[in-house]
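What follows is the content of input_29.txt (compact mmCIF, C-alpha atoms).
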```txt
# COMPACT_ATOMS: atom_id res chain seq x y z
CA MET F 177 0.00 0.00 0.00
CA ASN F 178 1.12 3.56 -0.64
CA ASN F 179 1.13 6.27 1.99
CA ARG F 180 -2.33 7.52 1.06
CA GLN F 181 -3.83 4.05 1.56
CA LEU F 182 -1.92 3.63 4.84
CA PHE F 183 -3.23 7.03 5.95
CA TYR F 184 -6.84 5.97 5.48
CA ASN F 185 -6.33 2.43 6.82
CA TYR F 186 -4.33 3.03 9.99
CA LEU F 187 -4.80 6.63 11.16
CA GLY F 188 -7.89 7.74 13.02
CA GLN F 189 -9.70 10.23 10.82
CA THR F 190 -11.07 13.59 11.95
CA SER F 191 -13.56 13.90 9.08
CA GLU F 192 -14.92 11.93 6.16
CA ALA F 193 -13.14 14.22 3.71
CA PRO F 194 -9.62 15.21 4.84
CA LEU F 195 -7.46 17.26 2.45
CA ALA F 196 -5.22 14.17 2.13
CA ILE F 197 -2.41 15.86 0.24
CA GLU F 198 0.91 14.16 0.80
CA ILE F 199 3.85 16.37 1.80
CA GLN F 200 7.42 15.14 1.54
CA ASN F 201 9.23 18.20 2.87
CA ALA F 202 8.61 21.82 3.80
CA GLU F 203 10.71 24.96 4.10
CA GLY F 204 9.81 28.57 4.77
CA VAL F 205 6.31 29.30 3.44
CA TYR F 206 6.29 26.32 1.06
CA MET F 207 5.42 22.63 1.31
CA TYR F 208 6.38 20.09 -1.36
CA ALA F 209 4.62 16.93 -2.54
CA PRO F 210 6.57 13.78 -3.50
CA ASP F 211 6.13 14.69 -7.18
CA GLY F 212 7.73 18.08 -6.54
CA LYS F 213 4.53 20.14 -6.61
CA GLN F 214 4.94 23.29 -4.54
CA TYR F 215 2.25 24.54 -2.15
CA LEU F 216 2.21 28.05 -0.70
CA ASP F 217 1.06 27.70 2.90
CA LEU F 218 -1.53 30.36 3.73
CA ILE F 219 -2.65 28.83 7.05
CA SER F 220 0.55 27.79 8.89
CA GLY F 221 -0.90 24.46 10.02
CA ILE F 222 -3.64 26.56 11.69
CA SER F 223 -1.52 29.37 13.14
CA VAL F 224 1.38 27.11 14.16
CA SER F 225 4.30 27.75 11.79
CA ASN F 226 4.72 31.44 12.61
CA VAL F 227 8.42 31.42 11.66
CA GLY F 228 7.80 29.16 8.67
CA HIS F 229 8.61 25.50 8.17
CA CYS F 230 11.97 24.14 9.31
CA HIS F 231 13.39 27.49 10.34
CA PRO F 232 17.16 26.90 10.61
CA LYS F 233 17.38 28.33 14.15
CA VAL F 234 14.60 26.02 15.34
CA VAL F 235 16.07 23.00 13.55
CA GLU F 236 19.49 23.72 15.09
CA ALA F 237 17.98 23.96 18.58
CA VAL F 238 16.08 20.69 18.12
CA GLN F 239 19.13 18.81 16.86
CA LYS F 240 21.37 20.15 19.61
CA GLN F 241 18.91 19.33 22.39
CA ALA F 242 18.02 15.89 20.96
CA SER F 243 21.68 14.93 21.16
CA THR F 244 21.97 16.24 24.74
CA TYR F 245 18.91 14.75 26.43
CA MET F 246 15.21 14.35 25.72
CA HIS F 247 12.85 13.09 28.44
CA LEU F 248 14.35 12.90 31.92
CA MET F 249 11.50 13.09 34.42
CA VAL F 250 7.90 14.24 34.71
CA TYR F 251 7.47 18.01 34.56
CA GLY F 252 8.35 19.99 37.67
CA GLU F 253 10.85 17.68 39.38
CA PHE F 254 14.20 18.20 37.62
CA VAL F 255 15.85 21.50 36.72
CA GLN F 256 16.10 21.40 32.93
CA SER F 257 17.76 24.31 31.14
CA PRO F 258 15.43 24.33 28.07
CA GLN F 259 12.42 24.72 30.38
CA VAL F 260 13.83 27.42 32.62
CA GLU F 261 15.30 29.40 29.71
CA LEU F 262 11.98 29.32 27.84
CA ALA F 263 10.05 30.36 30.96
CA GLN F 264 12.47 33.22 31.60
CA LEU F 265 12.19 34.42 27.99
CA LEU F 266 8.40 34.36 28.17
CA ALA F 267 8.32 36.22 31.50
CA LYS F 268 10.74 38.88 30.22
CA ASN F 269 8.46 39.59 27.26
CA LEU F 270 5.15 39.60 29.14
CA PRO F 271 3.79 42.10 31.70
CA THR F 272 5.41 41.70 35.11
CA SER F 273 2.27 40.11 36.60
CA LEU F 274 2.57 37.21 34.15
CA ASN F 275 5.76 35.86 35.64
CA ASN F 276 5.15 32.16 36.34
CA VAL F 277 4.94 29.59 33.55
CA TYR F 278 3.50 26.09 33.60
CA LEU F 279 4.53 24.14 30.48
CA VAL F 280 2.23 21.53 28.93
CA ASN F 281 1.91 19.71 25.61
CA SER F 282 -0.88 21.48 23.74
CA GLY F 283 -3.47 24.24 23.69
CA SER F 284 -6.20 22.00 25.09
CA GLU F 285 -3.97 21.11 28.03
CA ALA F 286 -3.14 24.78 28.61
CA ILE F 287 -6.88 25.50 28.83
CA GLU F 288 -7.42 22.55 31.20
CA GLY F 289 -4.65 23.79 33.47
CA ALA F 290 -5.88 27.38 33.42
CA LEU F 291 -9.43 26.35 34.34
CA LYS F 292 -8.20 24.17 37.22
CA LEU F 293 -5.96 26.97 38.43
CA ALA F 294 -8.78 29.52 38.45
CA LYS F 295 -11.18 27.22 40.29
CA ARG F 296 -8.53 26.25 42.83
CA TYR F 297 -7.37 29.83 43.49
CA THR F 298 -10.83 31.41 43.79
CA GLY F 299 -12.63 28.50 45.44
CA ARG F 300 -15.48 29.12 43.00
CA SER F 301 -17.01 26.82 40.39
CA GLU F 302 -18.73 28.96 37.73
CA ILE F 303 -16.89 29.50 34.47
CA VAL F 304 -17.98 32.11 31.93
CA ALA F 305 -17.12 31.47 28.29
CA PHE F 306 -18.38 32.78 24.95
CA LYS F 307 -20.55 31.57 22.12
CA ASN F 308 -18.63 30.41 19.03
CA ALA F 309 -15.46 30.04 21.10
CA TYR F 310 -13.03 27.21 20.41
CA HIS F 311 -10.60 26.15 23.15
CA GLY F 312 -9.80 22.51 22.31
CA SER F 313 -11.35 19.04 22.27
CA THR F 314 -10.62 17.44 25.64
CA HIS F 315 -13.59 17.19 28.00
CA GLY F 316 -12.82 20.35 29.96
CA SER F 317 -11.99 22.46 26.94
CA LEU F 318 -14.98 20.99 25.10
CA SER F 319 -17.17 22.11 28.00
CA VAL F 320 -16.24 25.74 27.33
CA MET F 321 -16.59 25.45 23.55
CA GLY F 322 -19.29 27.83 22.40
CA ASP F 323 -21.00 25.51 19.93
CA GLU F 324 -23.68 23.04 20.94
CA GLN F 325 -23.49 20.82 17.85
CA MET F 326 -19.85 19.96 18.53
CA LYS F 327 -20.58 19.06 22.16
CA ASN F 328 -23.88 17.20 22.26
CA ALA F 329 -22.50 13.76 21.37
CA PHE F 330 -20.08 13.88 24.32
CA ARG F 331 -22.27 14.96 27.22
CA PRO F 332 -22.29 15.06 30.20
CA LEU F 333 -19.60 17.74 30.35
CA LEU F 334 -18.48 20.14 33.07
CA PRO F 335 -21.36 21.77 34.95
CA ASP F 336 -21.69 25.43 35.90
CA ILE F 337 -20.66 26.95 32.56
CA ARG F 338 -22.31 30.19 31.47
CA PHE F 339 -22.05 31.41 27.87
CA LEU F 340 -22.16 35.07 26.85
CA GLU F 341 -22.06 36.63 23.40
CA PHE F 342 -18.78 38.06 22.18
CA ASN F 343 -18.78 41.88 21.89
CA ARG F 344 -22.04 42.29 23.87
CA LYS F 345 -20.98 44.56 26.72
CA GLU F 346 -24.44 44.60 28.31
CA GLN F 347 -24.11 40.88 29.07
CA LEU F 348 -20.98 41.33 31.21
CA LYS F 349 -23.14 42.06 34.24
CA GLN F 350 -23.87 38.31 34.35
CA ILE F 351 -20.34 37.84 35.70
CA SER F 352 -20.75 37.67 39.48
CA THR F 353 -18.99 36.90 42.75
CA LYS F 354 -19.78 33.24 42.02
CA THR F 355 -17.66 33.32 38.85
CA ALA F 356 -14.23 31.72 39.16
CA CYS F 357 -12.99 32.89 35.77
CA VAL F 358 -13.91 34.30 32.42
CA LEU F 359 -12.27 32.48 29.51
CA ILE F 360 -12.13 34.39 26.24
CA GLU F 361 -10.10 34.38 23.04
CA THR F 362 -8.48 37.78 22.63
CA ILE F 363 -9.52 37.46 18.99
CA GLN F 364 -12.06 34.73 18.27
CA GLY F 365 -10.40 32.25 15.91
CA GLU F 366 -12.81 29.58 14.74
CA ALA F 367 -15.67 32.09 14.75
CA GLY F 368 -13.91 33.61 11.74
CA ALA F 369 -11.23 35.97 13.12
CA ILE F 370 -13.56 38.28 15.07
CA ALA F 371 -11.74 41.10 16.85
CA PRO F 372 -13.26 42.68 19.97
CA CYS F 373 -15.05 45.98 19.48
CA PRO F 374 -13.72 49.13 21.20
CA ASN F 375 -13.72 48.93 25.01
CA PHE F 376 -15.20 45.42 25.14
CA LEU F 377 -12.13 43.78 26.68
CA SER F 378 -11.46 46.73 28.99
CA SER F 379 -15.09 46.57 30.19
CA LEU F 380 -14.67 42.83 30.71
CA LYS F 381 -11.48 43.34 32.71
CA LYS F 382 -13.18 45.97 34.88
CA ARG F 383 -16.10 43.63 35.61
CA CYS F 384 -13.70 40.83 36.54
CA GLU F 385 -11.91 43.14 38.97
CA GLU F 386 -15.22 44.20 40.52
CA THR F 387 -16.25 40.59 41.18
CA GLY F 388 -12.87 39.06 42.08
CA THR F 389 -13.01 36.92 38.93
CA LEU F 390 -9.86 35.80 37.11
CA LEU F 391 -9.61 36.79 33.44
CA ILE F 392 -8.10 34.08 31.22
CA LEU F 393 -7.09 35.14 27.73
CA ASP F 394 -6.73 32.34 25.19
CA GLU F 395 -3.98 33.45 22.80
CA ILE F 396 -3.36 29.98 21.42
CA GLN F 397 -4.09 31.21 17.89
CA ALA F 398 -3.63 34.96 18.34
CA GLY F 399 -0.35 35.03 20.28
CA CYS F 400 3.32 34.92 19.28
CA GLY F 401 3.17 37.85 16.86
CA ARG F 402 0.27 36.78 14.67
CA THR F 403 -2.00 39.80 15.10
CA GLY F 404 0.54 42.60 14.63
CA LYS F 405 1.67 42.70 18.27
CA LEU F 406 3.72 40.10 20.13
CA TRP F 407 0.61 39.41 22.25
CA ALA F 408 -2.85 40.23 20.94
CA PHE F 409 -3.96 41.78 24.26
CA GLU F 410 -1.44 44.57 23.66
CA HIS F 411 -3.90 46.02 21.13
CA TYR F 412 -6.49 46.53 23.87
CA ASP F 413 -4.63 48.00 26.85
CA ILE F 414 -5.45 45.20 29.28
CA VAL F 415 -3.47 42.49 31.08
CA PRO F 416 -5.08 39.12 31.88
CA ASP F 417 -4.70 37.20 35.12
CA ILE F 418 -3.85 34.05 33.15
CA ILE F 419 -2.82 33.62 29.52
CA THR F 420 -2.76 30.39 27.53
CA LEU F 421 -0.34 29.77 24.66
CA ALA F 422 0.40 26.90 22.26
CA LYS F 423 0.29 26.58 18.43
CA GLY F 424 2.73 29.29 17.30
CA LEU F 425 4.84 28.90 20.46
CA GLY F 426 6.67 25.71 19.49
CA GLY F 427 8.06 26.48 16.03
CA GLY F 428 6.36 23.31 14.79
CA LEU F 429 6.80 21.13 17.88
CA PRO F 430 4.03 20.38 20.41
CA ILE F 431 4.12 22.62 23.44
CA GLY F 432 1.68 24.79 25.38
CA ALA F 433 1.72 26.98 28.46
CA PHE F 434 -0.56 28.64 30.96
CA ILE F 435 1.01 31.65 32.61
CA SER F 436 -0.02 33.69 35.65
CA ARG F 437 1.55 35.43 38.62
CA LYS F 438 3.48 33.25 41.04
CA GLU F 439 1.06 33.83 43.93
CA ILE F 440 -1.78 32.31 41.87
CA MET F 441 0.26 29.49 40.36
CA GLN F 442 1.57 28.35 43.75
CA CYS F 443 -1.87 27.10 44.79
CA LEU F 444 -1.36 24.04 42.54
CA THR F 445 1.48 22.89 44.82
CA ASN F 446 -0.65 22.09 47.87
CA ASN F 447 -4.05 20.82 49.05
CA PRO F 448 -3.52 18.57 47.16
CA VAL F 449 0.15 18.33 46.35
CA LEU F 450 0.65 17.77 42.61
CA GLY F 451 -2.54 19.70 41.86
CA HIS F 452 -1.62 19.58 38.20
CA ILE F 453 0.74 17.02 36.68
CA THR F 454 2.04 16.31 33.19
CA THR F 455 4.56 13.69 32.13
CA PHE F 456 5.75 15.26 28.89
CA GLY F 457 4.90 18.93 29.52
CA GLY F 458 7.88 21.13 28.72
CA ASN F 459 9.66 18.27 26.95
CA ALA F 460 13.29 19.34 26.59
CA VAL F 461 13.37 19.20 22.79
CA CYS F 462 10.04 21.01 22.46
CA ALA F 463 11.10 23.67 24.98
CA ALA F 464 14.38 24.24 23.14
CA ALA F 465 12.47 24.60 19.87
CA ALA F 466 10.02 27.03 21.48
CA LYS F 467 12.80 29.20 22.87
CA ALA F 468 14.54 29.38 19.48
CA ASN F 469 11.22 30.07 17.77
CA LEU F 470 10.31 32.85 20.20
CA GLU F 471 13.76 34.41 19.81
CA VAL F 472 13.30 34.52 16.02
CA ILE F 473 9.93 36.24 16.47
CA ILE F 474 11.22 38.73 19.05
CA ASN F 475 14.59 39.53 17.48
CA GLY F 476 13.02 39.91 14.02
CA LYS F 477 9.95 41.77 15.35
CA LEU F 478 7.88 39.56 13.07
CA TRP F 479 4.66 41.07 14.42
CA GLU F 480 5.58 44.20 12.47
CA ASN F 481 5.58 42.19 9.25
CA ALA F 482 2.18 40.79 10.21
CA ALA F 483 0.79 44.29 10.73
CA LYS F 484 2.23 45.56 7.44
CA LEU F 485 1.05 42.60 5.39
CA GLU F 486 -2.48 42.80 6.75
CA HIS F 487 -2.83 46.01 4.73
CA ILE F 488 -1.41 44.34 1.60
CA PHE F 489 -3.93 41.51 1.86
CA ARG F 490 -6.79 43.96 2.37
CA LYS F 491 -5.65 46.11 -0.55
CA HIS F 492 -5.50 43.21 -3.02
CA LEU F 493 -8.45 41.09 -1.87
CA LYS F 494 -11.15 43.16 -3.52
CA HIS F 495 -13.77 41.43 -5.66
CA PRO F 496 -17.59 41.53 -5.93
CA LYS F 497 -17.74 37.94 -4.61
CA ILE F 498 -15.68 38.83 -1.52
CA LYS F 499 -18.19 40.24 0.96
CA LYS F 500 -15.64 41.35 3.55
CA VAL F 501 -12.21 40.70 5.04
CA ARG F 502 -11.98 40.81 8.82
CA GLY F 503 -9.44 40.02 11.52
CA LYS F 504 -6.14 41.46 12.67
CA GLY F 505 -2.55 41.10 11.47
CA LEU F 506 -2.11 37.75 9.76
CA LEU F 507 -5.19 36.20 11.33
CA LEU F 508 -7.71 37.11 8.63
CA ALA F 509 -11.01 35.77 7.34
CA MET F 510 -12.48 36.41 3.89
CA GLU F 511 -16.25 36.07 3.57
CA PHE F 512 -18.09 34.46 0.64
CA GLU F 513 -21.79 33.84 0.07
CA ASP F 514 -21.87 30.44 1.78
CA PHE F 515 -19.80 27.36 2.57
CA VAL F 516 -20.50 25.75 -0.82
CA GLN F 517 -18.98 28.73 -2.61
CA ASN F 518 -16.09 28.95 -0.17
CA LYS F 519 -15.28 25.23 -0.45
CA LYS F 520 -15.17 25.44 -4.26
CA ILE F 521 -12.59 28.21 -3.98
CA ILE F 522 -10.55 26.36 -1.34
CA ASP F 523 -10.45 23.20 -3.50
CA LYS F 524 -9.49 25.12 -6.63
CA LEU F 525 -6.76 27.00 -4.78
CA LEU F 526 -5.35 23.68 -3.62
CA GLU F 527 -5.16 22.56 -7.24
CA ARG F 528 -3.28 25.81 -7.96
CA GLY F 529 -0.81 25.12 -5.15
CA ILE F 530 -2.19 27.37 -2.42
CA VAL F 531 -3.25 25.83 0.89
CA THR F 532 -6.05 27.52 2.78
CA ASP F 533 -9.10 26.40 4.74
CA TRP F 534 -12.41 27.42 6.32
CA PHE F 535 -13.32 28.16 9.94
CA LEU F 536 -15.05 25.69 12.20
CA PHE F 537 -17.86 28.04 13.26
CA ALA F 538 -17.77 30.31 10.20
CA PRO F 539 -17.65 27.95 7.20
CA GLU F 540 -18.45 30.71 4.72
CA TYR F 541 -15.13 32.41 5.61
CA LEU F 542 -11.79 31.49 4.01
CA ARG F 543 -8.84 31.38 6.43
CA ILE F 544 -5.70 33.46 5.81
CA ALA F 545 -2.97 32.91 8.42
CA PRO F 546 0.37 32.44 6.66
CA PRO F 547 3.77 32.25 8.36
CA LEU F 548 4.83 35.66 9.63
CA ILE F 549 7.94 35.49 7.43
CA ILE F 550 5.88 35.64 4.21
CA THR F 551 7.02 38.44 1.88
CA GLU F 552 4.98 41.17 0.23
CA GLU F 553 5.71 39.60 -3.15
CA GLN F 554 4.35 36.24 -1.98
CA VAL F 555 1.25 37.92 -0.53
CA VAL F 556 0.55 39.75 -3.80
CA TYR F 557 0.97 36.48 -5.73
CA ALA F 558 -1.45 34.69 -3.36
CA CYS F 559 -4.03 37.46 -3.68
CA LYS F 560 -3.69 37.53 -7.48
CA THR F 561 -4.25 33.76 -7.60
CA ILE F 562 -7.29 33.98 -5.32
CA ILE F 563 -8.86 36.64 -7.55
CA GLU F 564 -8.08 34.58 -10.67
CA VAL F 565 -9.71 31.50 -9.14
CA ILE F 566 -12.83 33.47 -8.23
CA ASP F 567 -13.04 34.84 -11.79
CA GLU F 568 -12.51 31.42 -13.38
CA MET F 569 -15.21 29.66 -11.39
CA ASP F 570 -18.95 29.58 -11.77
CA LEU F 571 -20.01 30.85 -8.37
CA HIS F 572 -23.65 31.65 -9.10
```
Please express what this file holds, its structure, as structure tokens.
Amino acid sequence: MNNRQLFYNYLGQTSEAPLAIEIQNAEGVYMYAPDGKQYLDLISGISVSNVGHCHPKVVEAVQKQASTYMHLMVYGEFVQSPQVELAQLLAKNLPTSLNNVYLVNSGSEAIEGALKLAKRYTGRSEIVAFKNAYHGSTHGSLSVMGDEQMKNAFRPLLPDIRFLEFNRKEQLKQISTKTACVLIETIQGEAGAIAPCPNFLSSLKKRCEETGTLLILDEIQAGCGRTGKLWAFEHYDIVPDIITLAKGLGGGLPIGAFISRKEIMQCLTNNPVLGHITTFGGNAVCAAAAKANLEVIINGKLWENAAKLEHIFRKHLKHPKIKKVRGKGLLLAMEFEDFVQNKKIIDKLLERGIVTDWFLFAPEYLRIAPPLIITEEQVVYACKTIIEVIDEMDLH
């Protein structure tokens, strides 16, 4: 059997119609099939490959660490330089109140840890989340997903979850002294790159302070330079109590983190001891990759490229069939009439060697989230191809 047959036979499938393109190698903003066909990556593995594929600094860090040591002990017991150096780098580039880092394996695990931390620290049980939010697929993160269709087959889930509508300030009064935490994406990802309206996040932060509620910002998609700032919350003049990171943190390797101030994080150490445990969290090779990746982003100020190229995308993505482009930086969503129309364009672009996708809770929107190292010339080429595809197709 060839790889495609093995893929369908032996790997658990996430849908009945995966993209199923075979990639042999990848570098920068391009991926290559075994026959040599080149694909321009416009989605970064869903906001993961922020510094591109196989960035030499990340590859060097992985190779060096893999030859030094890999797994030694469960997280939190041994002093491992890749972990402590990554944590220090994160703390140095975050507000001073976000100074204590707990490393995990993924975004879902970062959410799980953040929810446990908030409930443990406050002694409260209610969690407020938002409709059309996506935070992961494990039972806890699924419980705070803002879409009923995705959850119903897996109930019962966590109790005491309250859902509000994103950008509806009048609903914030529902946050009370019973609320342990509010979990919100700084920019909603799977809802189709929805940015908060003016003063929404500052009003939310104020309400949390009034009620003694912890504010958790999910920057799993929006962090690490993607939105035109190093951290998306920098656009909105607020600081969360807890932030969750993953995806673009690892430079292509699996790693996540939830970060808070030390006083809050310390409550996981007692009553009970080992209040949160992970075997592979902060794996040495993954942590080394993440540190190298973050250094590339910070030293190159790649968020500035994201901010600049947002304007280039918006300038060139103009067509009667494109209803709007929304989002921030290089987390953008382009609206078409419906999913059927959008899927035709996505499939045709794949034939033309451009990889894009739709959004889980906004299927009529086409996803644009390329590596932050993409050039203006590559952006213009991608936009030109998108417009050509729209013109060539019968989209009535």
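Comparing F:Gly476, F:Gly228, F:Gly503, F:Pro496 by their smallest distance to Cys373 of chain F, the closest is F:Gly503 (using only C-alpha atoms).
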Self-check item: Residue neighbourhood Glu486 of chain F, 7 Å, only C-alpha atoms, exclusion window fewer than 4 positions, as an MDAnalysis selection string
Solution: chainID F and resid 482 490 505:506
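Nearest to Asn459 of chain F of all the residues F:Leu542, F:Lys499, F:Leu429, F:Asn481 is F:Leu429, counting all atoms listed in the file.
Atom CA of Gln364 of chain F lies 10.2 Å from atom CA of Phe537 of chain F.
Distance annotation: of F:Ile549, F:Leu377, F:Ala356, F:Leu536, the residue with the minimal separation from Val472 of chain F is F:Ile549; atom set is only C-alpha atoms.
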